[in-house]
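Enquirer: I'm passing along data.cif; it holds mmCIF, C-alpha atoms.
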```
data_upload
loop_
_atom_site.label_atom_id
_atom_site.label_comp_id
_atom_site.auth_asym_id
_atom_site.auth_seq_id
_atom_site.Cartn_x
_atom_site.Cartn_y
_atom_site.Cartn_z
CA MET F 67 -16.86 -14.17 -45.56
CA VAL F 68 -15.19 -12.10 -42.84
CA THR F 69 -15.66 -13.43 -39.32
CA THR F 70 -14.98 -11.55 -36.10
CA LEU F 71 -14.28 -12.79 -32.62
CA PRO F 72 -16.95 -12.33 -29.95
CA ILE F 73 -16.39 -9.05 -28.16
CA GLU F 74 -15.80 -10.86 -24.84
CA VAL F 75 -12.98 -12.91 -26.38
CA LEU F 76 -11.47 -9.88 -28.10
CA GLU F 77 -11.47 -7.83 -24.87
CA SER F 78 -9.92 -10.74 -22.97
CA ILE F 79 -7.07 -10.84 -25.51
CA LEU F 80 -6.50 -7.09 -25.38
CA ASN F 81 -6.52 -7.18 -21.58
CA GLN F 82 -3.29 -9.21 -21.75
CA LEU F 83 -1.60 -6.12 -23.20
CA ALA F 84 -2.71 -3.79 -20.39
CA ASP F 85 0.89 -3.19 -19.26
CA SER F 86 2.27 -2.53 -22.74
CA LYS F 87 1.44 0.99 -23.97
CA PRO F 88 3.24 0.59 -27.35
CA ASP F 89 1.29 -2.58 -28.18
CA LEU F 90 -2.00 -0.96 -27.18
CA HIS F 91 -1.20 2.02 -29.40
CA VAL F 92 -0.68 -0.34 -32.34
CA CYS F 93 -3.97 -2.11 -31.54
CA THR F 94 -5.89 1.16 -31.86
CA LEU F 95 -4.75 1.32 -35.50
CA VAL F 96 -5.79 -2.20 -36.48
CA CYS F 97 -9.54 -1.73 -36.90
CA ARG F 98 -12.47 0.17 -35.44
CA LEU F 99 -13.64 -2.83 -33.46
CA TRP F 100 -10.37 -2.84 -31.51
CA VAL F 101 -10.38 0.88 -30.73
CA PRO F 102 -12.74 1.17 -27.69
CA ARG F 103 -11.07 -1.46 -25.51
CA SER F 104 -7.52 -0.61 -26.63
CA ARG F 105 -8.10 3.08 -25.96
CA ALA F 106 -9.67 2.38 -22.55
CA LEU F 107 -6.63 0.35 -21.49
CA LEU F 108 -4.21 2.85 -23.03
CA PHE F 109 -5.52 5.84 -21.09
CA HIS F 110 -6.71 4.11 -17.92
CA SER F 111 -3.42 4.77 -16.07
CA LEU F 112 -0.97 7.59 -16.75
CA SER F 113 2.31 7.65 -14.88
CA THR F 114 5.79 9.10 -14.91
CA CYS F 115 8.92 8.40 -12.88
CA PRO F 116 11.54 10.81 -14.27
CA SER F 117 15.22 10.68 -13.47
CA SER F 118 15.22 14.47 -13.04
CA PRO F 119 12.63 17.30 -12.93
CA ALA F 120 13.56 18.39 -16.44
CA HIS F 121 12.00 15.24 -17.84
CA LEU F 122 8.69 15.92 -16.11
CA SER F 123 7.73 19.59 -16.38
CA GLU F 124 6.89 19.76 -20.09
CA PRO F 125 5.77 16.52 -21.78
CA PHE F 126 3.94 14.58 -19.06
CA LEU F 127 1.92 17.43 -17.56
CA LYS F 128 1.09 18.67 -21.05
CA THR F 129 -0.19 15.20 -21.93
CA ILE F 130 -2.32 15.04 -18.77
CA HIS F 131 -3.83 18.45 -19.54
CA GLN F 132 -4.60 17.53 -23.14
CA VAL F 133 -6.15 14.18 -22.26
CA GLN F 134 -8.22 15.49 -19.34
CA SER F 135 -9.47 18.36 -21.51
CA SER F 136 -10.53 16.13 -24.40
CA HIS F 137 -13.21 13.54 -25.14
CA LEU F 138 -10.83 10.96 -23.61
CA ALA F 139 -11.07 12.46 -20.12
CA PHE F 140 -13.57 9.85 -18.91
CA LEU F 141 -11.06 7.05 -19.66
CA VAL F 142 -8.35 8.27 -17.24
CA LYS F 143 -8.89 6.61 -13.85
CA SER F 144 -5.39 6.48 -12.33
CA ILE F 145 -2.49 8.95 -12.35
CA LYS F 146 0.97 8.57 -10.83
CA VAL F 147 3.20 11.64 -10.67
CA ASP F 148 6.77 11.94 -9.39
CA CYS F 149 7.58 15.57 -8.54
CA CYS F 150 11.23 14.90 -7.61
CA HIS F 151 10.86 16.96 -4.37
CA VAL F 152 10.53 20.18 -6.40
CA SER F 153 7.85 22.43 -4.89
CA GLU F 154 7.19 24.23 -8.19
CA LEU F 155 6.47 20.93 -9.95
CA THR F 156 4.17 19.98 -7.08
CA ARG F 157 2.29 23.25 -7.55
CA ILE F 158 2.07 22.83 -11.34
CA THR F 159 0.85 19.26 -10.88
CA PHE F 160 -2.07 20.34 -8.72
CA ASN F 161 -2.90 23.20 -11.07
CA THR F 162 -3.02 20.68 -13.91
CA LEU F 163 -4.80 17.66 -12.44
CA ARG F 164 -8.55 17.36 -12.68
CA LEU F 165 -9.86 14.98 -10.04
CA GLU F 166 -13.52 14.72 -11.02
CA ARG F 167 -13.20 11.36 -12.78
CA LEU F 168 -10.04 9.95 -11.17
CA THR F 169 -10.32 7.03 -8.79
CA ARG F 170 -6.61 6.60 -7.90
CA LEU F 171 -3.92 9.25 -7.30
CA TRP F 172 -0.32 8.27 -6.55
CA LEU F 173 1.98 11.14 -5.55
CA CYS F 174 5.72 10.45 -5.28
CA ARG F 175 8.24 12.90 -3.85
CA SER F 176 5.80 15.82 -3.67
CA ASP F 177 7.05 18.87 -1.73
CA PHE F 178 4.25 20.72 0.08
CA ALA F 179 6.50 22.29 2.72
CA ARG F 180 6.57 25.69 0.99
CA PHE F 181 2.81 25.83 0.46
CA ASP F 182 0.50 27.69 2.84
CA GLN F 183 0.04 26.04 6.21
CA ASN F 184 -3.65 25.64 5.37
CA ILE F 185 -3.02 23.48 2.32
CA CYS F 186 -6.64 22.41 1.88
CA LEU F 187 -7.06 21.79 -1.86
CA ARG F 188 -9.69 24.27 -3.03
CA ARG F 189 -9.71 23.59 -6.78
CA THR F 190 -11.87 20.48 -6.65
CA LEU F 191 -14.54 20.33 -3.99
CA THR F 192 -15.93 17.09 -5.39
CA SER F 193 -14.06 14.14 -6.83
CA SER F 194 -14.40 10.41 -7.34
CA LEU F 195 -11.04 9.54 -5.76
CA ASP F 196 -11.18 6.39 -3.63
CA THR F 197 -7.41 5.73 -3.38
CA LEU F 198 -4.66 8.16 -2.37
CA ILE F 199 -1.00 7.12 -2.18
CA LEU F 200 1.58 9.47 -0.67
CA ASP F 201 5.15 8.24 -0.92
CA ARG F 202 8.21 10.25 0.16
CA ALA F 203 6.16 13.45 0.44
CA VAL F 204 7.43 16.46 2.41
CA PHE F 205 5.16 18.61 4.60
CA LYS F 206 5.90 21.45 7.00
CA ASP F 207 4.60 19.45 9.93
CA SER F 208 1.80 17.13 10.99
CA THR F 209 -0.71 20.01 11.08
CA GLN F 210 -0.16 20.67 7.39
CA LEU F 211 -0.46 16.94 6.67
CA LEU F 212 -3.87 16.96 8.35
CA HIS F 213 -4.94 19.96 6.28
CA PHE F 214 -3.98 18.11 3.13
CA LEU F 215 -5.75 14.88 4.07
CA SER F 216 -8.92 16.72 5.13
CA SER F 217 -9.31 18.37 1.72
CA PRO F 218 -12.86 17.93 0.33
CA CYS F 219 -11.53 16.13 -2.75
CA PHE F 220 -10.46 13.24 -0.47
CA SER F 221 -13.77 12.89 1.37
CA ASN F 222 -14.69 9.66 -0.45
CA LEU F 223 -11.38 7.85 0.09
CA HIS F 224 -11.51 4.13 0.86
CA SER F 225 -7.75 3.44 0.67
CA LEU F 226 -4.91 5.59 2.03
CA SER F 227 -1.17 4.92 1.90
CA LEU F 228 1.30 7.05 3.89
CA THR F 229 4.90 5.87 3.45
CA ASN F 230 8.21 7.62 4.02
CA ILE F 231 6.60 10.94 4.97
CA SER F 232 8.92 13.67 6.25
CA TYR F 233 8.53 17.11 7.86
CA LEU F 234 10.53 20.22 7.13
CA LEU F 235 10.08 21.70 10.61
CA ARG F 236 11.38 19.96 13.71
CA ARG F 237 8.93 20.51 16.53
CA ASP F 238 9.74 20.45 20.21
CA THR F 239 8.23 17.83 22.49
CA SER F 240 5.27 19.95 23.61
CA THR F 241 4.00 20.49 20.06
CA ARG F 242 3.99 16.75 19.34
CA ASN F 243 1.05 16.29 21.67
CA PRO F 244 -1.92 14.92 19.64
CA ASP F 245 -4.41 17.31 21.32
CA TRP F 246 -2.16 20.28 20.49
CA ILE F 247 -1.81 19.14 16.85
CA ILE F 248 -5.56 18.62 16.41
CA ARG F 249 -6.29 21.99 18.00
CA SER F 250 -3.69 23.69 15.81
CA TRP F 251 -5.20 22.07 12.72
CA SER F 252 -8.74 23.08 13.70
CA GLU F 253 -7.83 26.66 14.56
CA SER F 254 -5.84 27.22 11.36
CA THR F 255 -8.68 26.07 9.12
CA PHE F 256 -9.83 29.48 7.94
CA LEU F 257 -11.36 28.36 4.63
CA GLN F 258 -15.14 28.19 4.81
CA LEU F 259 -16.18 24.92 3.17
CA PRO F 260 -19.30 22.80 3.28
CA ILE F 261 -19.20 20.44 6.23
CA SER F 262 -18.06 17.05 4.92
CA PRO F 263 -18.64 13.70 6.59
CA LYS F 264 -15.60 12.00 8.05
CA ILE F 265 -13.40 9.91 5.79
CA MET F 266 -14.30 6.24 6.26
CA LEU F 267 -11.28 4.22 5.17
CA LYS F 268 -11.39 0.50 4.42
CA GLU F 269 -7.63 0.07 3.85
CA LEU F 270 -4.64 1.81 5.43
CA GLU F 271 -0.95 1.43 4.59
CA ILE F 272 1.43 3.08 7.01
CA GLY F 273 5.17 3.40 6.57
CA LEU F 274 7.97 5.51 7.99
CA ILE F 275 6.58 8.78 9.38
CA PRO F 276 8.11 11.31 11.82
CA ASP F 277 5.33 11.10 14.41
CA HIS F 278 5.74 7.83 16.30
CA ASN F 279 2.35 8.63 17.87
CA ILE F 280 0.67 9.26 14.51
CA PHE F 281 -2.06 6.80 15.51
CA ASP F 282 -3.11 9.13 18.35
CA ILE F 283 -3.48 11.94 15.80
CA LEU F 284 -5.37 9.94 13.18
CA TYR F 285 -7.56 8.19 15.79
CA HIS F 286 -8.38 11.42 17.65
CA SER F 287 -12.13 11.97 17.99
CA ASP F 288 -11.81 15.38 16.28
CA SER F 289 -9.67 14.13 13.38
CA PRO F 290 -11.15 13.96 9.84
CA PHE F 291 -11.31 10.14 9.97
CA ASP F 292 -13.84 7.53 11.05
CA TRP F 293 -12.22 4.11 11.56
CA THR F 294 -15.27 1.93 12.14
CA CYS F 295 -15.12 0.53 8.57
CA LEU F 296 -11.36 -0.20 8.41
CA GLN F 297 -10.85 -3.78 7.20
CA LYS F 298 -7.11 -4.00 6.52
CA ILE F 299 -3.89 -2.45 7.87
CA THR F 300 -0.52 -2.85 6.17
CA PHE F 301 2.67 -1.93 8.03
CA TYR F 302 5.43 -1.21 5.52
CA ARG F 303 9.06 -1.35 6.69
CA ILE F 304 7.95 -0.67 10.25
CA TRP F 305 8.70 -3.10 13.05
CA ASP F 306 8.17 -0.76 15.97
CA ASN F 307 6.21 -2.33 18.81
CA GLY F 308 4.80 0.97 20.12
CA LEU F 309 3.58 2.14 16.73
CA ILE F 310 2.07 -1.19 15.65
CA GLN F 311 0.37 -1.76 19.00
CA GLY F 312 -0.86 1.84 18.92
CA PHE F 313 -2.63 1.31 15.61
CA LEU F 314 -4.02 -2.08 16.64
CA ASN F 315 -5.26 -0.73 19.99
CA GLY F 316 -7.76 1.52 18.26
CA LEU F 317 -11.48 0.83 18.09
CA LEU F 318 -11.49 -1.21 14.86
CA PRO F 319 -14.63 -3.37 14.83
CA ALA F 320 -14.35 -4.22 11.11
CA LEU F 321 -10.60 -5.08 10.98
CA LYS F 322 -10.12 -8.47 9.31
CA CYS F 323 -6.60 -8.46 7.85
CA ILE F 324 -3.12 -7.39 8.99
CA GLU F 325 -0.18 -7.37 6.61
CA LEU F 326 3.42 -6.88 7.74
CA GLU F 327 5.76 -6.03 4.87
CA LYS F 328 9.32 -6.59 6.03
CA THR F 329 12.53 -5.69 4.24
CA GLU F 330 16.21 -5.96 5.09
CA HIS F 331 16.24 -2.44 6.51
CA MET F 332 13.45 -2.35 9.04
CA TYR F 333 12.76 0.68 11.20
CA HIS F 334 11.72 0.94 14.80
CA PHE F 335 12.18 3.42 17.65
CA ALA F 336 14.78 2.23 20.12
CA SER F 337 12.58 3.24 23.05
CA SER F 338 9.75 0.85 22.28
CA GLY F 339 11.67 -2.03 20.71
CA ALA F 340 10.78 -4.40 17.90
CA PHE F 341 7.34 -5.90 17.39
CA THR F 342 7.27 -9.51 18.61
CA GLY F 343 3.92 -10.69 17.27
CA ALA F 344 2.09 -10.49 20.60
CA ILE F 345 -1.03 -8.39 19.83
CA GLN F 346 -2.31 -6.64 22.96
CA ASN F 347 -5.84 -5.81 21.81
CA PRO F 348 -8.06 -8.89 22.34
CA PHE F 349 -10.81 -7.45 20.12
CA VAL F 350 -8.44 -7.39 17.13
CA LEU F 351 -7.50 -11.03 17.71
CA ARG F 352 -11.12 -11.99 18.03
CA ASN F 353 -12.09 -10.53 14.64
CA LEU F 354 -8.89 -11.11 12.64
CA THR F 355 -9.34 -13.62 9.80
CA GLU F 356 -6.12 -13.19 7.77
CA LEU F 357 -2.48 -12.44 8.61
CA SER F 358 0.30 -11.91 6.04
CA ALA F 359 4.01 -11.49 6.81
CA ALA F 360 7.43 -12.09 5.32
CA PHE F 361 9.21 -15.27 6.41
CA ALA F 362 12.96 -15.30 5.79
CA PHE F 363 13.84 -18.25 8.09
CA VAL F 364 15.55 -16.00 10.67
CA SER F 365 15.22 -15.95 14.45
CA SER F 366 12.97 -12.86 14.53
CA ASP F 367 10.52 -14.64 12.21
CA PHE F 368 10.53 -17.75 14.41
CA LEU F 369 9.83 -15.66 17.53
CA PHE F 370 7.08 -13.72 15.79
CA PHE F 371 5.13 -16.76 14.60
CA GLU F 372 5.72 -18.68 17.82
CA ASN F 373 3.93 -15.80 19.54
CA VAL F 374 1.18 -15.91 16.91
CA VAL F 375 0.67 -19.63 17.67
CA LYS F 376 0.46 -18.89 21.40
CA GLU F 377 -2.02 -16.07 20.83
CA ILE F 378 -4.30 -18.34 18.81
CA GLN F 379 -4.04 -21.21 21.27
CA ASN F 380 -4.82 -18.92 24.22
CA ASN F 381 -7.76 -17.25 22.50
CA SER F 382 -10.58 -19.71 22.02
CA GLY F 383 -12.64 -17.10 20.15
CA SER F 384 -10.00 -16.52 17.46
CA ARG F 385 -11.34 -16.29 13.90
CA LEU F 386 -7.93 -16.39 12.21
CA ARG F 387 -8.28 -18.79 9.29
CA THR F 388 -5.53 -17.84 6.82
CA ILE F 389 -1.82 -17.10 7.24
CA ASN F 390 0.27 -16.05 4.24
CA LEU F 391 4.05 -16.41 4.49
CA ILE F 392 6.02 -14.52 1.85
CA LEU F 393 9.34 -16.35 1.40
CA PRO F 394 12.57 -14.78 0.03
CA ILE F 395 12.74 -14.22 -3.73
CA ASP F 396 14.02 -17.42 -5.41
CA LEU F 397 14.73 -18.67 -1.85
CA ASP F 398 18.05 -16.83 -1.98
CA GLY F 399 20.33 -17.47 0.99
CA LEU F 400 18.69 -20.74 2.06
CA ASP F 401 21.26 -23.17 0.53
CA ILE F 402 18.56 -25.29 -1.04
CA HIS F 403 21.11 -27.43 -2.90
CA LYS F 404 22.63 -28.96 0.24
CA PRO F 405 21.63 -32.59 0.76
CA GLU F 406 20.92 -31.98 4.45
CA PRO F 407 18.90 -28.88 5.40
CA SER F 408 20.53 -26.46 7.81
CA ALA F 409 19.29 -25.86 11.36
CA ARG F 410 17.85 -22.57 10.17
CA ILE F 411 15.68 -24.30 7.57
CA LEU F 412 14.66 -27.06 9.98
CA ASN F 413 13.55 -24.46 12.54
CA GLY F 414 11.53 -22.75 9.82
CA PHE F 415 9.85 -26.03 8.85
CA THR F 416 8.95 -26.61 12.50
CA VAL F 417 7.28 -23.19 12.77
CA ILE F 418 5.35 -23.72 9.53
CA SER F 419 4.23 -27.16 10.65
CA ASP F 420 3.07 -25.74 14.01
CA LEU F 421 0.99 -23.14 12.17
CA ALA F 422 -0.52 -25.77 9.87
CA SER F 423 -1.44 -27.97 12.83
CA LEU F 424 -3.61 -25.33 14.48
CA PRO F 425 -7.15 -26.80 14.42
CA LEU F 426 -8.95 -23.56 13.58
CA LEU F 427 -6.56 -22.52 10.80
CA LYS F 428 -7.78 -23.51 7.35
CA ARG F 429 -4.82 -22.53 5.21
CA VAL F 430 -1.14 -21.63 5.43
CA SER F 431 0.02 -20.23 2.09
CA LEU F 432 3.72 -20.22 1.26
CA ILE F 433 4.22 -17.54 -1.37
CA VAL F 434 7.46 -17.92 -3.33
CA PRO F 435 8.35 -14.93 -5.55
CA ILE F 436 10.22 -16.02 -8.68
CA SER F 437 12.33 -13.44 -10.50
CA THR F 438 12.14 -13.19 -14.28
CA GLY F 439 15.89 -13.39 -14.84
CA ILE F 440 16.68 -16.75 -13.22
CA VAL F 441 17.46 -19.75 -15.39
CA GLU F 442 14.92 -22.53 -15.74
CA GLN F 443 17.12 -24.97 -13.80
CA LYS F 444 17.17 -22.76 -10.71
CA LYS F 445 13.45 -22.19 -11.02
CA SER F 446 12.97 -25.95 -11.12
CA ASP F 447 15.23 -26.39 -8.07
CA VAL F 448 13.15 -23.89 -6.11
CA ARG F 449 9.92 -25.66 -7.00
CA ASN F 450 11.34 -29.08 -6.12
CA PHE F 451 12.68 -27.83 -2.77
CA ILE F 452 9.27 -26.49 -1.75
CA ASP F 453 7.15 -29.27 -3.21
CA SER F 454 9.24 -32.06 -1.68
CA ARG F 455 8.59 -30.78 1.83
CA PHE F 456 5.05 -29.45 1.72
CA CYS F 457 3.19 -31.05 -1.15
CA THR F 458 1.58 -33.65 1.12
CA ALA F 459 0.47 -31.23 3.85
CA GLY F 460 -3.26 -30.68 3.46
CA SER F 461 -3.56 -27.20 4.95
CA ILE F 462 -0.33 -25.89 3.37
CA SER F 463 -0.54 -24.48 -0.14
CA VAL F 464 2.47 -23.36 -2.17
CA VAL F 465 2.04 -20.46 -4.58
CA PHE F 466 4.74 -19.35 -7.04
CA LYS F 467 4.35 -15.72 -8.09
CA GLN F 468 6.23 -13.42 -10.40
CA ALA F 469 8.51 -11.16 -8.35
CA VAL F 470 7.92 -7.44 -8.94
CA SER F 471 10.68 -4.85 -9.14
CA GLU F 472 8.55 -2.01 -7.75
CA ARG F 473 6.22 -2.25 -4.81
CA GLU F 474 2.58 -1.65 -5.69
CA PRO F 475 0.49 -0.24 -2.81
CA PHE F 476 -2.77 -2.09 -2.14
CA SER F 477 -1.72 -4.99 -4.35
CA ARG F 478 -3.62 -8.22 -3.80
CA LEU F 479 -2.04 -11.62 -3.27
CA ASP F 480 -4.69 -13.26 -5.51
CA LEU F 481 -4.02 -16.74 -4.21
#
```
Show me this structure written as structure tokens.
Expert:
Amino acid sequence: MVTTLPIEVLESILNQLADSKPDLHVCTLVCRLWVPRSRALLFHSLSTCPSSPAHLSEPFLKTIHQVQSSHLAFLVKSIKVDCCHVSELTRITFNTLRLERLTRLWLCRSDFARFDQNICLRRTLTSSLDTLILDRAVFKDSTQLLHFLSSPCFSNLHSLSLTNISYLLRRDTSTRNPDWIIRSWSESTFLQLPISPKIMLKELEIGLIPDHNIFDILYHSDSPFDWTCLQKITFYRIWDNGLIQGFLNGLLPALKCIELEKTEHMYHFASSGAFTGAIQNPFVLRNLTELSAAFAFVSSDFLFFENVVKEIQNNSGSRLRTINLILPIDLDGLDIHKPEPSARILNGFTVISDLASLPLLKRVSLIVPISTGIVEQKKSDVRNFIDSRFCTAGSISVVFKQAVSEREPFSRLDL
């Protein structure tokens, strides 16, 4: 007698292979029962990151066209395309993509600077996209960026990521005025389209962008955005006080979470200085429930979280309940093998203990990324170092996570 696994068990097993396209391809050949789930996982996400444009133009776009024109089109939910800053590949990509069934579009190194100023995407007036990621894209200027973002196919977006955006044209000071930019965008919109409701984002990731007053443009009353539903802001590689305060000073009644992704090479405008952790908008502090930031045991981190402690202590109506500290990968640079901890580590422990002692705070999570290549002994040393100091603290939890080689926008901590 031939027995088969329950479909729930079988799908759970196949889900473990979601990141392995070759294995999923093999699974589709095993038996008919395995085909639906294997095929769904196989075609759910299509992506390419070529080393040069020559590797992209033919095979990948041809595959996208074939899949989206076949009976498999309903399976494709996410597409990631790297156009290598070649305007022709950007044009071909948008002539190839069909957005009706997509939910996530990730565009890397797209070059729109040689497109028409009014770049409103006319091919697809309706789409199911809820996530748009723009990384290292090039536009003529901020007016063209607004035209792109206000395209009807993006009207249902819930998540938007703008990182490392650049402009081809260098504007003078007068044309950087938000009112001038909004007026220029409005007056150059010559395409007659149905009036769409404003885009109501729930998540925003903002990275390096030429306009240090981009918040004034996006928050403008005549912009294509409505910010009343925004729940989370992530600042990526930005430590500029003026820009961060500008975003947090907006009318954001639903904002619950702020995430500050720091790297070795942070960016901030010299005129406004580095962000210190002192949030100016009392309404943000009042509603904020979760704060996540890197913690590398350096003086800037100590100052930042000391200010966070002061803000919470001085604001009796604070709702902040969770703080997530992302520690260095494998705790590199902390000399964890020394019998006596350094002053740097002791200062870090003091800050963490101060956070954990706040009466309203329910949890301080120490997130330790572990790389795949380290030997088991070092992995054990890292775990022992952390556990020996914080295992008895009730409000402090220690989470070891697999370090990732490539940043994934809108990734969840899943603690």
Enquirer: Would you kindly translate the PyMOL selection byres ((chain F and resi 106) around 10) into the concrete residues it picks from this file, as a list of chain:residue names?
Expert: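 Residues picked by the PyMOL selection byres ((chain F and resi 106) around 10): F:Ala84, F:Leu90, F:Val101, F:Pro102, F:Arg103, F:Ser104, F:Arg105, F:Leu107, F:Leu108, F:Phe109, F:His110, F:Ser111, F:Leu138, F:Phe140, F:Leu141, F:Val142, F:Lys143.
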Enquirer: Write to file, as a compact mmCIF listing (two decimals), in the coordinates of the input, the residues of the selection just made, with C-alpha atoms.
Expert:
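Output file again_20.txt follows:
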```txt
# COMPACT_ATOMS: atom_id res chain seq x y z
CA ALA F 84 -2.71 -3.79 -20.39
CA LEU F 90 -2.00 -0.96 -27.18
CA VAL F 101 -10.38 0.88 -30.73
CA PRO F 102 -12.74 1.17 -27.69
CA ARG F 103 -11.07 -1.46 -25.51
CA SER F 104 -7.52 -0.61 -26.63
CA ARG F 105 -8.10 3.08 -25.96
CA LEU F 107 -6.63 0.35 -21.49
CA LEU F 108 -4.21 2.85 -23.03
CA PHE F 109 -5.52 5.84 -21.09
CA HIS F 110 -6.71 4.11 -17.92
CA SER F 111 -3.42 4.77 -16.07
CA LEU F 138 -10.83 10.96 -23.61
CA PHE F 140 -13.57 9.85 -18.91
CA LEU F 141 -11.06 7.05 -19.66
CA VAL F 142 -8.35 8.27 -17.24
CA LYS F 143 -8.89 6.61 -13.85
```
Enquirer: For the provided coordinates, the residues matched by the PyMOL selection byres ((chain F and resi 154) around 12) should be stated as a list of chain:residue names.
Expert: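 In the shown coordinates, the PyMOL selection byres ((chain F and resi 154) around 12) covers F:Pro119, F:Ala120, F:Leu122, F:Ser123, F:Cys149, F:Cys150, F:His151, F:Val152, F:Ser153, F:Leu155, F:Thr156, F:Arg157, F:Ile158, F:Thr159, F:Phe160, F:Asn161, F:Ser176, F:Asp177, F:Phe178, F:Ala179, F:Arg180, F:Phe181.
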Enquirer: Determine the nearest neighbour of Ile402 of chain F from the options F:Ala344, F:Val448, F:Leu296, F:Leu424, counting only C-alpha atoms.
Expert: F:Val448
Enquirer: Evaluated on this file, the PyMOL selection byres ((chain F and resi 268) around 10) picks out some residues - which ones are they, written as a ChimeraX atom specification?
Expert: /F:196,223-226,265-267,269-270,292-299,320-321
Enquirer: Write the residues you've just listed into a file as a PDB file, in the coordinates of the input, and include C-alpha atoms for each of them.
Expert:
```
ATOM      1  CA  ASP F 196     -11.180   6.390  -3.630  1.00  0.00           C
ATOM      2  CA  LEU F 223     -11.380   7.850   0.090  1.00  0.00           C
ATOM      3  CA  HIS F 224     -11.510   4.130   0.860  1.00  0.00           C
ATOM      4  CA  SER F 225      -7.750   3.440   0.670  1.00  0.00           C
ATOM      5  CA  LEU F 226      -4.910   5.590   2.030  1.00  0.00           C
ATOM      6  CA  ILE F 265     -13.400   9.910   5.790  1.00  0.00           C
ATOM      7  CA  MET F 266     -14.300   6.240   6.260  1.00  0.00           C
ATOM      8  CA  LEU F 267     -11.280   4.220   5.170  1.00  0.00           C
ATOM      9  CA  GLU F 269      -7.630   0.070   3.850  1.00  0.00           C
ATOM     10  CA  LEU F 270      -4.640   1.810   5.430  1.00  0.00           C
ATOM     11  CA  ASP F 292     -13.840   7.530  11.050  1.00  0.00           C
ATOM     12  CA  TRP F 293     -12.220   4.110  11.560  1.00  0.00           C
ATOM     13  CA  THR F 294     -15.270   1.930  12.140  1.00  0.00           C
ATOM     14  CA  CYS F 295     -15.120   0.530   8.570  1.00  0.00           C
ATOM     15  CA  LEU F 296     -11.360  -0.200   8.410  1.00  0.00           C
ATOM     16  CA  GLN F 297     -10.850  -3.780   7.200  1.00  0.00           C
ATOM     17  CA  LYS F 298      -7.110  -4.000   6.520  1.00  0.00           C
ATOM     18  CA  ILE F 299      -3.890  -2.450   7.870  1.00  0.00           C
ATOM     19  CA  ALA F 320     -14.350  -4.220  11.110  1.00  0.00           C
ATOM     20  CA  LEU F 321     -10.600  -5.080  10.980  1.00  0.00           C
TER      21      LEU F 321
END
```
Enquirer: May I ask for the distance between atom CA of Gly316 of chain F and atom CA of Ala340 of chain F, given in Å to one decimal place?
Expert: 19.5 Å
Enquirer: May I have the residues within 10 Å of Ile345 of chain F as an mmCIF file with C-alpha atoms, keeping the file's coordinate frame, using only C-alpha atoms and disregarding those fewer than 4 positions away in the same chain?
Expert:
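Below is the file around02.cif, written as the result:
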```cif
data_model
loop_
_atom_site.group_PDB
_atom_site.id
_atom_site.type_symbol
_atom_site.label_atom_id
_atom_site.label_comp_id
_atom_site.auth_asym_id
_atom_site.auth_seq_id
_atom_site.Cartn_x
_atom_site.Cartn_y
_atom_site.Cartn_z
ATOM 1 C CA ASN F 307 6.210 -2.330 18.810
ATOM 2 C CA ILE F 310 2.070 -1.190 15.650
ATOM 3 C CA GLN F 311 0.370 -1.760 19.000
ATOM 4 C CA LEU F 314 -4.020 -2.080 16.640
ATOM 5 C CA ASN F 315 -5.260 -0.730 19.990
ATOM 6 C CA PHE F 341 7.340 -5.900 17.390
ATOM 7 C CA PHE F 349 -10.810 -7.450 20.120
ATOM 8 C CA VAL F 350 -8.440 -7.390 17.130
ATOM 9 C CA LEU F 351 -7.500 -11.030 17.710
ATOM 10 C CA ASN F 373 3.930 -15.800 19.540
ATOM 11 C CA VAL F 374 1.180 -15.910 16.910
ATOM 12 C CA GLU F 377 -2.020 -16.070 20.830
#
```
Enquirer: Of the candidates F:Leu168, F:Ile462, F:Leu426, F:Ile324, which shows the shortest atom-to-atom distance to Asn222 of chain F, using all atoms listed in the file?
Expert: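 When distances to Asn222 of chain F are compared using all atoms listed in the file, the smallest one comes from F:Leu168.
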Enquirer: So the first atom is atom CA of Ser221 of chain F and the second is atom CA of Val204 of chain F; what is the distance between them in Å, to one decimal place?
Expert: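 Atom CA of Ser221 of chain F sits 21.5 Å away from atom CA of Val204 of chain F.
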Enquirer: Between atom CA of Phe476 of chain F and atom CA of Thr197 of chain F, what is the spacing in Å?
Expert: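 Atom-to-atom, atom CA of Thr197 of chain F and atom CA of Phe476 of chain F are spaced 9.2 Å apart.
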